[in-house]
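Shown next: query-v1.pdb, given as PDB, C-alpha atoms.
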```pdb
ATOM      1  CA  MET A1039      61.308 -39.530  -6.478
ATOM      2  CA  LEU A1040      65.010 -38.904  -6.958
ATOM      3  CA  THR A1041      64.274 -37.059 -10.202
ATOM      4  CA  TYR A1042      62.065 -34.587  -8.336
ATOM      5  CA  VAL A1043      64.621 -34.159  -5.549
ATOM      6  CA  PHE A1044      67.476 -33.408  -7.942
ATOM      7  CA  LYS A1045      65.341 -30.997  -9.962
ATOM      8  CA  SER A1046      64.329 -29.222  -6.754
ATOM      9  CA  ALA A1047      67.937 -28.991  -5.536
ATOM     10  CA  LEU A1048      69.187 -27.707  -8.892
ATOM     11  CA  LEU A1049      66.451 -25.077  -9.054
ATOM     12  CA  LEU A1050      67.140 -23.877  -5.510
ATOM     13  CA  SER A1051      70.872 -23.654  -6.220
ATOM     14  CA  LEU A1052      70.354 -21.585  -9.374
ATOM     15  CA  LEU A1053      67.809 -19.227  -7.801
ATOM     16  CA  TYR A1054      69.836 -18.728  -4.638
ATOM     17  CA  GLY A1055      72.975 -18.094  -6.690
ATOM     18  CA  SER A1056      71.126 -15.331  -8.536
ATOM     19  CA  PHE A1057      69.998 -13.827  -5.235
ATOM     20  CA  ALA A1058      73.504 -13.931  -3.739
ATOM     21  CA  LEU A1059      74.920 -12.280  -6.833
ATOM     22  CA  LEU A1060      72.337  -9.501  -7.206
ATOM     23  CA  LEU A1061      70.656  -8.735  -3.858
ATOM     24  CA  SER A1062      72.644 -10.032  -0.891
ATOM     25  CA  ARG A1063      74.544  -6.763  -0.349
ATOM     26  CA  GLU A1064      71.481  -4.507  -0.581
ATOM     27  CA  THR A1065      69.499  -3.172   2.387
ATOM     28  CA  PHE A1066      66.092  -4.162   1.048
ATOM     29  CA  HIS A1067      65.588  -6.397   4.044
ATOM     30  CA  ARG A1068      61.898  -7.105   3.511
ATOM     31  CA  PHE A1069      62.323  -7.598  -0.218
ATOM     32  CA  ASN A1070      65.303  -9.906   0.362
ATOM     33  CA  ARG A1071      63.286 -11.918   2.835
ATOM     34  CA  VAL A1072      60.421 -12.345   0.369
ATOM     35  CA  ALA A1073      62.890 -13.271  -2.380
ATOM     36  CA  LEU A1074      64.474 -16.007  -0.247
ATOM     37  CA  LEU A1075      61.082 -17.387   0.724
ATOM     38  CA  CYS A1076      60.082 -17.451  -2.945
ATOM     39  CA  VAL A1077      63.221 -19.460  -3.694
ATOM     40  CA  LEU A1078      62.195 -22.029  -1.072
ATOM     41  CA  VAL A1079      58.615 -22.293  -2.334
ATOM     42  CA  ALA A1080      59.649 -22.375  -6.002
ATOM     43  CA  SER A1081      62.090 -25.220  -5.350
ATOM     44  CA  LEU A1082      59.210 -27.278  -3.949
ATOM     45  CA  VAL A1083      56.478 -26.396  -6.448
ATOM     46  CA  LEU A1084      58.063 -25.849  -9.854
ATOM     47  CA  PRO A1085      59.575 -29.346 -10.289
ATOM     48  CA  VAL A1086      56.058 -30.787  -9.932
ATOM     49  CA  ILE A1087      54.594 -28.691 -12.754
ATOM     50  CA  LYS A1088      54.667 -30.443 -16.086
ATOM     51  CA  ILE A1089      54.475 -28.372 -19.260
ATOM     52  CA  GLU A1090      53.322 -30.484 -22.160
ATOM     53  CA  VAL A1091      54.190 -29.286 -25.653
ATOM     54  CA  PRO A1092      51.931 -30.719 -28.372
ATOM     55  CA  ALA A1093      53.799 -32.833 -30.901
ATOM     56  CA  PRO A1094      53.906 -31.443 -34.441
ATOM     57  CA  LEU A1095      51.473 -32.981 -36.892
ATOM     58  CA  VAL A1096      53.185 -35.315 -39.351
ATOM     59  CA  ALA A1097      51.458 -36.547 -42.506
ATOM     60  CA  PRO A1098      51.122 -40.340 -42.488
ATOM     61  CA  ALA A1099      53.380 -42.232 -44.851
ATOM     62  CA  PRO A1100      51.609 -43.779 -47.848
ATOM     63  CA  LEU A1101      50.906 -47.483 -47.619
ATOM     64  CA  PRO A1102      53.013 -49.686 -49.919
ATOM     65  CA  ILE A1103      51.295 -51.057 -53.002
ATOM     66  CA  TRP A1104      52.073 -54.666 -53.740
ATOM     67  CA  GLU A1105      52.278 -55.287 -57.447
ATOM     68  CA  SER A1106      52.479 -59.049 -57.243
ATOM     69  CA  VAL A1107      51.963 -61.834 -54.781
ATOM     70  CA  VAL A1108      54.367 -64.754 -54.591
ATOM     71  CA  VAL A1109      52.812 -68.025 -53.473
ATOM     72  CA  LEU A1110      55.223 -70.352 -51.754
ATOM     73  CA  PRO A1111      54.742 -74.088 -52.283
ATOM     74  CA  ASP A1112      53.404 -76.128 -49.396
ATOM     75  CA  ARG A1113      56.442 -78.070 -48.224
ATOM     76  CA  SER A1114      54.488 -79.995 -45.602
ATOM     77  CA  ALA A1115      52.363 -81.718 -48.207
ATOM     78  CA  SER A1116      55.387 -83.339 -49.887
ATOM     79  CA  THR A1117      57.453 -84.140 -46.811
ATOM     80  CA  GLY A1118      54.636 -85.076 -44.470
ATOM     81  CA  GLU A1119      55.845 -82.674 -41.762
ATOM     82  CA  SER A1120      53.452 -80.271 -40.058
ATOM     83  CA  VAL A1121      54.157 -76.564 -39.880
ATOM     84  CA  GLY A1122      52.884 -76.400 -36.340
ATOM     85  CA  SER A1123      55.625 -78.721 -35.142
ATOM     86  CA  ASP A1124      58.324 -76.236 -36.201
ATOM     87  CA  VAL A1125      56.504 -73.415 -34.471
ATOM     88  CA  SER A1126      56.014 -75.380 -31.297
ATOM     89  CA  ASN A1127      59.661 -76.388 -31.275
ATOM     90  CA  PHE A1128      60.683 -72.744 -31.636
ATOM     91  CA  GLU A1129      58.388 -71.462 -28.903
ATOM     92  CA  THR A1130      59.319 -74.071 -26.350
ATOM     93  CA  SER A1131      63.089 -73.674 -26.594
ATOM     94  CA  PRO A1132      64.103 -71.443 -23.604
ATOM     95  CA  GLN A1133      67.341 -69.553 -23.375
ATOM     96  CA  GLU A1134      69.862 -71.221 -21.119
ATOM     97  CA  GLY A1135      70.135 -69.642 -17.683
ATOM     98  CA  SER A1136      67.393 -67.017 -18.266
ATOM     99  CA  ASP A1137      65.366 -68.093 -15.228
ATOM    100  CA  GLU A1138      68.436 -67.855 -12.990
ATOM    101  CA  LEU A1139      69.222 -64.333 -14.202
ATOM    102  CA  LEU A1140      65.654 -63.166 -13.581
ATOM    103  CA  ALA A1141      65.734 -64.624 -10.094
ATOM    104  CA  GLN A1142      68.967 -62.810  -9.318
ATOM    105  CA  GLY A1143      67.536 -59.545 -10.673
ATOM    106  CA  ARG A1144      64.641 -59.729  -8.239
ATOM    107  CA  THR A1145      66.857 -60.108  -5.158
ATOM    108  CA  THR A1146      69.635 -57.598  -5.941
ATOM    109  CA  PRO A1147      68.618 -53.912  -5.386
ATOM    110  CA  SER A1148      69.190 -51.614  -8.313
ATOM    111  CA  LEU A1149      71.321 -48.482  -8.194
ATOM    112  CA  GLU A1150      68.202 -46.310  -8.104
ATOM    113  CA  GLU A1151      66.757 -48.263  -5.160
ATOM    114  CA  THR A1152      70.037 -47.913  -3.264
ATOM    115  CA  GLY A1153      70.098 -44.162  -3.908
ATOM    116  CA  GLU A1154      66.510 -43.771  -2.714
ATOM    117  CA  ALA A1155      67.280 -45.710   0.455
ATOM    118  CA  LEU A1156      70.292 -43.519   1.274
ATOM    119  CA  TYR A1157      68.307 -40.354   0.539
ATOM    120  CA  LEU A1158      65.412 -41.425   2.783
ATOM    121  CA  LEU A1159      67.886 -42.269   5.530
ATOM    122  CA  GLY A1160      69.256 -38.724   5.352
ATOM    123  CA  VAL A1161      65.720 -37.307   5.492
ATOM    124  CA  LEU A1162      64.901 -39.394   8.560
ATOM    125  CA  VAL A1163      68.079 -38.268  10.328
ATOM    126  CA  SER A1164      67.317 -34.601   9.555
ATOM    127  CA  VAL A1165      63.732 -34.936  10.810
ATOM    128  CA  ALA A1166      64.919 -36.715  13.957
ATOM    129  CA  ILE A1167      67.419 -33.936  14.749
ATOM    130  CA  PHE A1168      64.700 -31.324  14.221
ATOM    131  CA  CYS A1169      62.249 -33.181  16.476
ATOM    132  CA  VAL A1170      64.855 -33.480  19.241
ATOM    133  CA  GLY A1171      65.436 -29.734  19.028
ATOM    134  CA  LEU A1172      61.699 -29.033  19.274
ATOM    135  CA  PHE A1173      61.442 -31.320  22.286
ATOM    136  CA  ARG A1174      64.226 -29.412  24.036
ATOM    137  CA  LEU A1175      62.579 -26.136  23.114
ATOM    138  CA  PHE A1176      59.207 -27.078  24.575
ATOM    139  CA  LYS A1177      60.942 -28.186  27.761
ATOM    140  CA  GLU A1178      62.457 -24.717  28.000
ATOM    141  CA  ILE A1179      59.079 -23.103  27.405
ATOM    142  CA  ARG A1180      57.292 -25.165  30.062
ATOM    143  CA  GLY A1181      59.818 -24.194  32.720
ATOM    144  CA  GLY A1182      60.287 -20.826  34.398
ATOM    145  CA  MET A1183      57.806 -18.118  35.269
ATOM    146  CA  HIS A1184      55.224 -17.125  32.640
ATOM    147  CA  THR A1185      53.861 -13.634  32.105
ATOM    148  CA  LYS A1186      52.324 -11.607  29.256
ATOM    149  CA  ASP A1187      53.738  -8.543  27.526
ATOM    150  CA  GLU A1188      51.714  -5.621  26.152
ATOM    151  CA  GLN A1189      51.366  -7.353  22.761
ATOM    152  CA  GLY A1190      49.925 -10.562  24.192
ATOM    153  CA  ASN A1191      53.078 -12.646  23.826
ATOM    154  CA  THR A1192      54.007 -15.178  26.491
ATOM    155  CA  VAL A1193      57.244 -14.227  28.243
ATOM    156  CA  VAL A1194      59.082 -17.133  29.898
ATOM    157  CA  ILE A1195      61.528 -15.902  32.566
ATOM    158  CA  ARG A1196      64.167 -18.452  33.512
ATOM    159  CA  GLY A1197      67.269 -18.515  35.640
ATOM    160  CA  GLY A1198      70.762 -18.838  34.212
ATOM    161  CA  ASP A1199      72.848 -16.902  31.724
ATOM    162  CA  PHE A1200      71.783 -17.399  28.090
ATOM    163  CA  ALA A1201      70.936 -15.317  25.055
ATOM    164  CA  PRO A1202      67.213 -14.519  24.829
ATOM    165  CA  PHE A1203      65.263 -16.012  21.958
ATOM    166  CA  SER A1204      61.739 -16.243  20.582
ATOM    167  CA  PHE A1205      59.593 -18.970  19.037
ATOM    168  CA  LEU A1206      56.087 -18.395  17.695
ATOM    169  CA  HIS A1207      54.493 -16.147  20.367
ATOM    170  CA  TYR A1208      56.934 -17.140  23.150
ATOM    171  CA  ILE A1209      59.859 -15.020  24.368
ATOM    172  CA  ILE A1210      62.384 -16.816  26.585
ATOM    173  CA  ILE A1211      64.580 -14.480  28.587
ATOM    174  CA  SER A1212      66.781 -14.752  31.664
ATOM    175  CA  ALA A1213      65.696 -13.160  34.923
ATOM    176  CA  SER A1214      68.724 -10.856  34.885
ATOM    177  CA  ASP A1215      68.004  -9.600  31.352
ATOM    178  CA  TYR A1216      64.334  -9.124  32.138
ATOM    179  CA  GLU A1217      65.230  -6.978  35.139
ATOM    180  CA  HIS A1218      68.027  -4.834  33.647
ATOM    181  CA  LEU A1219      67.778  -4.974  29.820
ATOM    182  CA  ARG A1220      64.095  -5.548  29.285
ATOM    183  CA  GLN A1221      63.321  -2.727  26.835
ATOM    184  CA  PRO A1222      65.796  -3.390  24.002
ATOM    185  CA  ILE A1223      65.580  -7.184  24.283
ATOM    186  CA  MET A1224      61.800  -7.226  24.320
ATOM    187  CA  ALA A1225      61.669  -4.811  21.371
ATOM    188  CA  HIS A1226      63.964  -7.116  19.397
ATOM    189  CA  GLU A1227      62.107 -10.341  20.139
ATOM    190  CA  GLN A1228      58.696  -8.720  19.694
ATOM    191  CA  ALA A1229      59.798  -7.668  16.217
ATOM    192  CA  HIS A1230      60.669 -11.286  15.381
ATOM    193  CA  ILE A1231      57.215 -12.400  16.515
ATOM    194  CA  ARG A1232      55.332  -9.550  14.850
ATOM    195  CA  LEU A1233      57.051 -10.184  11.512
ATOM    196  CA  GLY A1234      56.384 -13.943  11.648
ATOM    197  CA  HIS A1235      60.006 -15.023  11.403
ATOM    198  CA  THR A1236      59.360 -18.380  13.068
ATOM    199  CA  TRP A1237      57.198 -19.488  10.144
ATOM    200  CA  ASP A1238      60.061 -18.712   7.775
ATOM    201  CA  LEU A1239      62.371 -20.916   9.810
ATOM    202  CA  LEU A1240      59.869 -23.776   9.889
ATOM    203  CA  LEU A1241      59.618 -23.658   6.095
ATOM    204  CA  LEU A1242      63.408 -23.557   5.911
ATOM    205  CA  GLU A1243      63.719 -26.634   8.113
ATOM    206  CA  ALA A1244      61.206 -28.525   5.953
ATOM    207  CA  VAL A1245      63.153 -27.795   2.763
ATOM    208  CA  LYS A1246      66.428 -28.526   4.550
ATOM    209  CA  ALA A1247      65.141 -31.968   5.518
ATOM    210  CA  LEU A1248      64.322 -32.702   1.869
ATOM    211  CA  GLN A1249      67.588 -31.265   0.546
ATOM    212  CA  TRP A1250      69.967 -32.210   3.349
ATOM    213  CA  PHE A1251      72.649 -33.009   0.770
ATOM    214  CA  ASN A1252      72.504 -29.588  -0.921
ATOM    215  CA  PRO A1253      75.079 -27.082   0.461
ATOM    216  CA  PHE A1254      73.132 -24.153  -0.974
ATOM    217  CA  ILE A1255      70.191 -24.709   1.378
ATOM    218  CA  TYR A1256      72.501 -24.024   4.342
ATOM    219  CA  LEU A1257      73.821 -20.852   2.706
ATOM    220  CA  LEU A1258      70.248 -19.747   2.051
ATOM    221  CA  GLY A1259      69.344 -20.452   5.672
ATOM    222  CA  ARG A1260      72.270 -18.343   6.857
ATOM    223  CA  ASP A1261      71.151 -15.400   4.719
ATOM    224  CA  LEU A1262      67.497 -15.752   5.722
ATOM    225  CA  LYS A1263      68.370 -15.657   9.429
ATOM    226  CA  ALA A1264      70.616 -12.661   8.772
ATOM    227  CA  VAL A1265      67.724 -10.806   7.118
ATOM    228  CA  HIS A1266      65.570 -11.622  10.149
ATOM    229  CA  GLU A1267      68.138 -10.012  12.427
ATOM    230  CA  TYR A1268      68.459  -6.952  10.194
ATOM    231  CA  GLU A1269      64.687  -6.472  10.285
ATOM    232  CA  ALA A1270      64.589  -6.866  14.073
ATOM    233  CA  ASP A1271      67.542  -4.491  14.519
ATOM    234  CA  ASP A1272      65.776  -1.835  12.428
ATOM    235  CA  ALA A1273      62.657  -2.276  14.549
ATOM    236  CA  VAL A1274      64.658  -1.731  17.751
ATOM    237  CA  LEU A1275      66.316   1.436  16.439
ATOM    238  CA  SER A1276      63.012   2.800  15.130
ATOM    239  CA  PHE A1277      61.611   2.200  18.628
ATOM    240  CA  GLY A1278      63.883   5.026  19.812
ATOM    241  CA  ILE A1279      66.598   2.993  21.536
ATOM    242  CA  ASP A1280      70.092   4.470  21.270
ATOM    243  CA  ALA A1281      72.151   2.709  18.583
ATOM    244  CA  LYS A1282      75.385   2.592  20.610
ATOM    245  CA  THR A1283      73.624   1.214  23.671
ATOM    246  CA  TYR A1284      71.985  -1.440  21.564
ATOM    247  CA  GLN A1285      75.255  -2.407  19.867
ATOM    248  CA  LEU A1286      76.945  -2.811  23.239
ATOM    249  CA  LEU A1287      74.078  -5.102  24.232
ATOM    250  CA  LEU A1288      74.685  -7.221  21.129
ATOM    251  CA  VAL A1289      78.365  -7.509  21.976
ATOM    252  CA  ALA A1290      77.550  -8.554  25.537
ATOM    253  CA  LYS A1291      75.065 -11.182  24.355
ATOM    254  CA  ALA A1292      77.261 -12.547  21.560
ATOM    255  CA  VAL A1293      78.814 -15.050  23.966
ATOM    256  CA  GLY A1294      75.447 -16.563  24.877
ATOM    257  CA  SER A1295      74.592 -20.063  23.742
ATOM    258  CA  ARG A1296      71.977 -20.601  21.049
ATOM    259  CA  LEU A1297      69.313 -23.206  21.707
ATOM    260  CA  GLN A1298      68.619 -24.423  18.165
ATOM    261  CA  THR A1299      68.183 -23.312  14.575
ATOM    262  CA  VAL A1300      64.416 -22.878  14.592
ATOM    263  CA  CYS A1301      64.545 -20.060  17.166
ATOM    264  CA  ASN A1302      65.179 -16.376  16.545
ATOM    265  CA  ASN A1303      68.101 -15.456  18.746
ATOM    266  CA  LEU A1304      69.449 -12.057  19.769
ATOM    267  CA  SER A1305      73.079 -13.042  19.263
ATOM    268  CA  HIS A1306      72.551 -15.018  16.053
ATOM    269  CA  HIS A1307      74.597 -14.408  12.896
ATOM    270  CA  SER A1308      77.731 -12.325  12.404
ATOM    271  CA  LEU A1309      77.758  -9.514  14.925
ATOM    272  CA  LYS A1310      80.234  -7.427  12.918
ATOM    273  CA  LYS A1311      78.054  -7.595   9.822
ATOM    274  CA  ARG A1312      74.947  -6.612  11.758
ATOM    275  CA  ILE A1313      76.612  -3.551  13.254
ATOM    276  CA  LYS A1314      77.924  -2.534   9.825
ATOM    277  CA  MET A1315      74.437  -2.926   8.395
ATOM    278  CA  MET A1316      73.045  -0.512  11.011
ATOM    279  CA  HIS A1317      75.464   2.168   9.793
ATOM    280  CA  LYS A1318      75.068   1.389   6.100
ATOM    281  CA  ASN A1319      73.133   3.817   3.945
ATOM    282  CA  LYS A1320      69.847   2.463   2.679
ATOM    283  CA  SER A1321      69.924   1.184  -0.883
ATOM    284  CA  ASN A1322      68.267   3.297  -3.568
ATOM    285  CA  ARG A1323      64.705   2.113  -4.082
ATOM    286  CA  TRP A1324      65.027   2.826  -7.782
ATOM    287  CA  LEU A1325      67.299  -0.215  -8.000
ATOM    288  CA  MET A1326      64.249  -2.391  -7.419
ATOM    289  CA  GLY A1327      62.484  -1.014 -10.457
TER     290      GLY A1327
END
```
Would you write the structure of this file as structure tokens?
Amino acid sequence: MLTYVFKSALLLSLLYGSFALLLSRETFHRFNRVALLCVLVASLVLPVIKIEVPAPLVAPAPLPIWESVVVLPDRSASTGESVGSDVSNFETSPQEGSDELLAQGRTTPSLEETGEALYLLGVLVSVAIFCVGLFRLFKEIRGGMHTKDEQGNTVVIRGGDFAPFSFLHYIIISASDYEHLRQPIMAHEQAHIRLGHTWDLLLLEAVKALQWFNPFIYLLGRDLKAVHEYEADDAVLSFGIDAKTYQLLLVAKAVGSRLQTVCNNLSHHSLKKRIKMMHKNKSNRWLMG
């Protein structure tokens, strides 16, 4: 098991490093998203694939030819001793302390067993944290007033001051934002839902639980969530909303609290980088060729 885990972590680190070096500064948001998802899937699948290379054919060595046979005299006939007694004496002489060493080896865990136990403990802790976050999320979804938007998504309107977020086909928004800032916020969260960003985050959390010890999985998660926000920001601007008005909204919502990592959140990721990305010229598509 540990062999697979280390192979998976090494592969993810190498692939993500290549992405960060070559594509992270480009504006191919959809392509970057697909590339990051491919890194996640490849880190899970490729270590399982075994490529067997056939061994080269080697001619068998010729059998030795005995030129003469030496016949040893039968010592037992002259001395009266049986050959079987020597063999039995040899077979029945145990090594001193061997049974005690074997018994100790059965009770003391090996280094590999200790490593597997620590790894599984980390996986259980990661899964537990994720489950607690989902439980809190579903509590948020069950509360408040429910309504439907024009795309069939469930909008949960709650009291309080918090940054709006989306999960699957749910949009959770405060009553104040729904009354005064409905259009840009709904356009942003609807883009997250339409593009299926929640499924990306669920896959990310699954790989993160398996590779909780790998720092590169957290860097990949940061970049994947950033790409999600870039895609949603582009969708809002293409909807016809004024860029300056939208950027002021982002600044106002940047102080809101984020519920948990599996949600798409309006104020998530570096606000300065998102605003710069809105003004950045699109990368030349010929670079992808």
Between A:Ala1229, A:Met1039, A:Leu1309, A:Leu1075, which is the closest to Ile1255 (chain A) once you count all atoms listed in the file?
A:Leu1075
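Between CA of Val1194 (chain A) and CA of His1207 (chain A) there is a distance of 10.6 Å.
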Could you tell me which of A:Ile1223, A:Ala1073, A:Leu1175, A:Ala1273 comes closest to Gly1055 (chain A) if we count all atoms listed in the file?
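Of all the options, A:Ala1073 lies closest to Gly1055 (chain A).
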Closest of A:Ile1279, A:Leu1156, A:Val1072, A:Leu1149 to His1235 (chain A) - atom-to-atom distances counting only C-alpha atoms
A:Val1072
Which residue, A:Met1315, A:Asp1187, A:Asp1215, A:Tyr1256, has the smallest gap to Glu1064 (chain A) when you use all atoms listed in the file?
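With all atoms listed in the file as the atom set, the closest residue is A:Met1315.
Minimum distance to Leu1084 (chain A) across A:Phe1057, A:Thr1065, A:Val1043, A:Glu1188 (counting all atoms listed in the file) occurs at A:Val1043.
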Determine the nearest neighbour of Ala1166 (chain A) from the options A:Leu1286, A:Glu1269, A:Ala1247, A:Ser1051, counting all atoms listed in the file.
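Closest to Ala1166 (chain A), using all atoms listed in the file: A:Ala1247.
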So that I can check the surroundings of Leu1078 (chain A), please list as a list of chain:residue names every protein, DNA and RNA residue that reaches within 8 Å of it, counting all atoms listed in the file and ignoring chain neighbours fewer than 4 positions away.
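Within the cut-off, the hits are A:Leu1050, A:Leu1074, A:Leu1082, A:Leu1241, A:Leu1242, A:Val1245.
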Write the residues you've just listed into a file as a short mmCIF file (atom, residue, chain, number, x, y, z; two decimals), keeping the file's coordinate frame, and include C-alpha atoms for each of them.
```
data_model
loop_
_atom_site.label_atom_id
_atom_site.label_comp_id
_atom_site.auth_asym_id
_atom_site.auth_seq_id
_atom_site.Cartn_x
_atom_site.Cartn_y
_atom_site.Cartn_z
CA LEU A 1050 67.14 -23.88 -5.51
CA LEU A 1074 64.47 -16.01 -0.25
CA LEU A 1082 59.21 -27.28 -3.95
CA LEU A 1241 59.62 -23.66 6.10
CA LEU A 1242 63.41 -23.56 5.91
CA VAL A 1245 63.15 -27.80 2.76
#
```
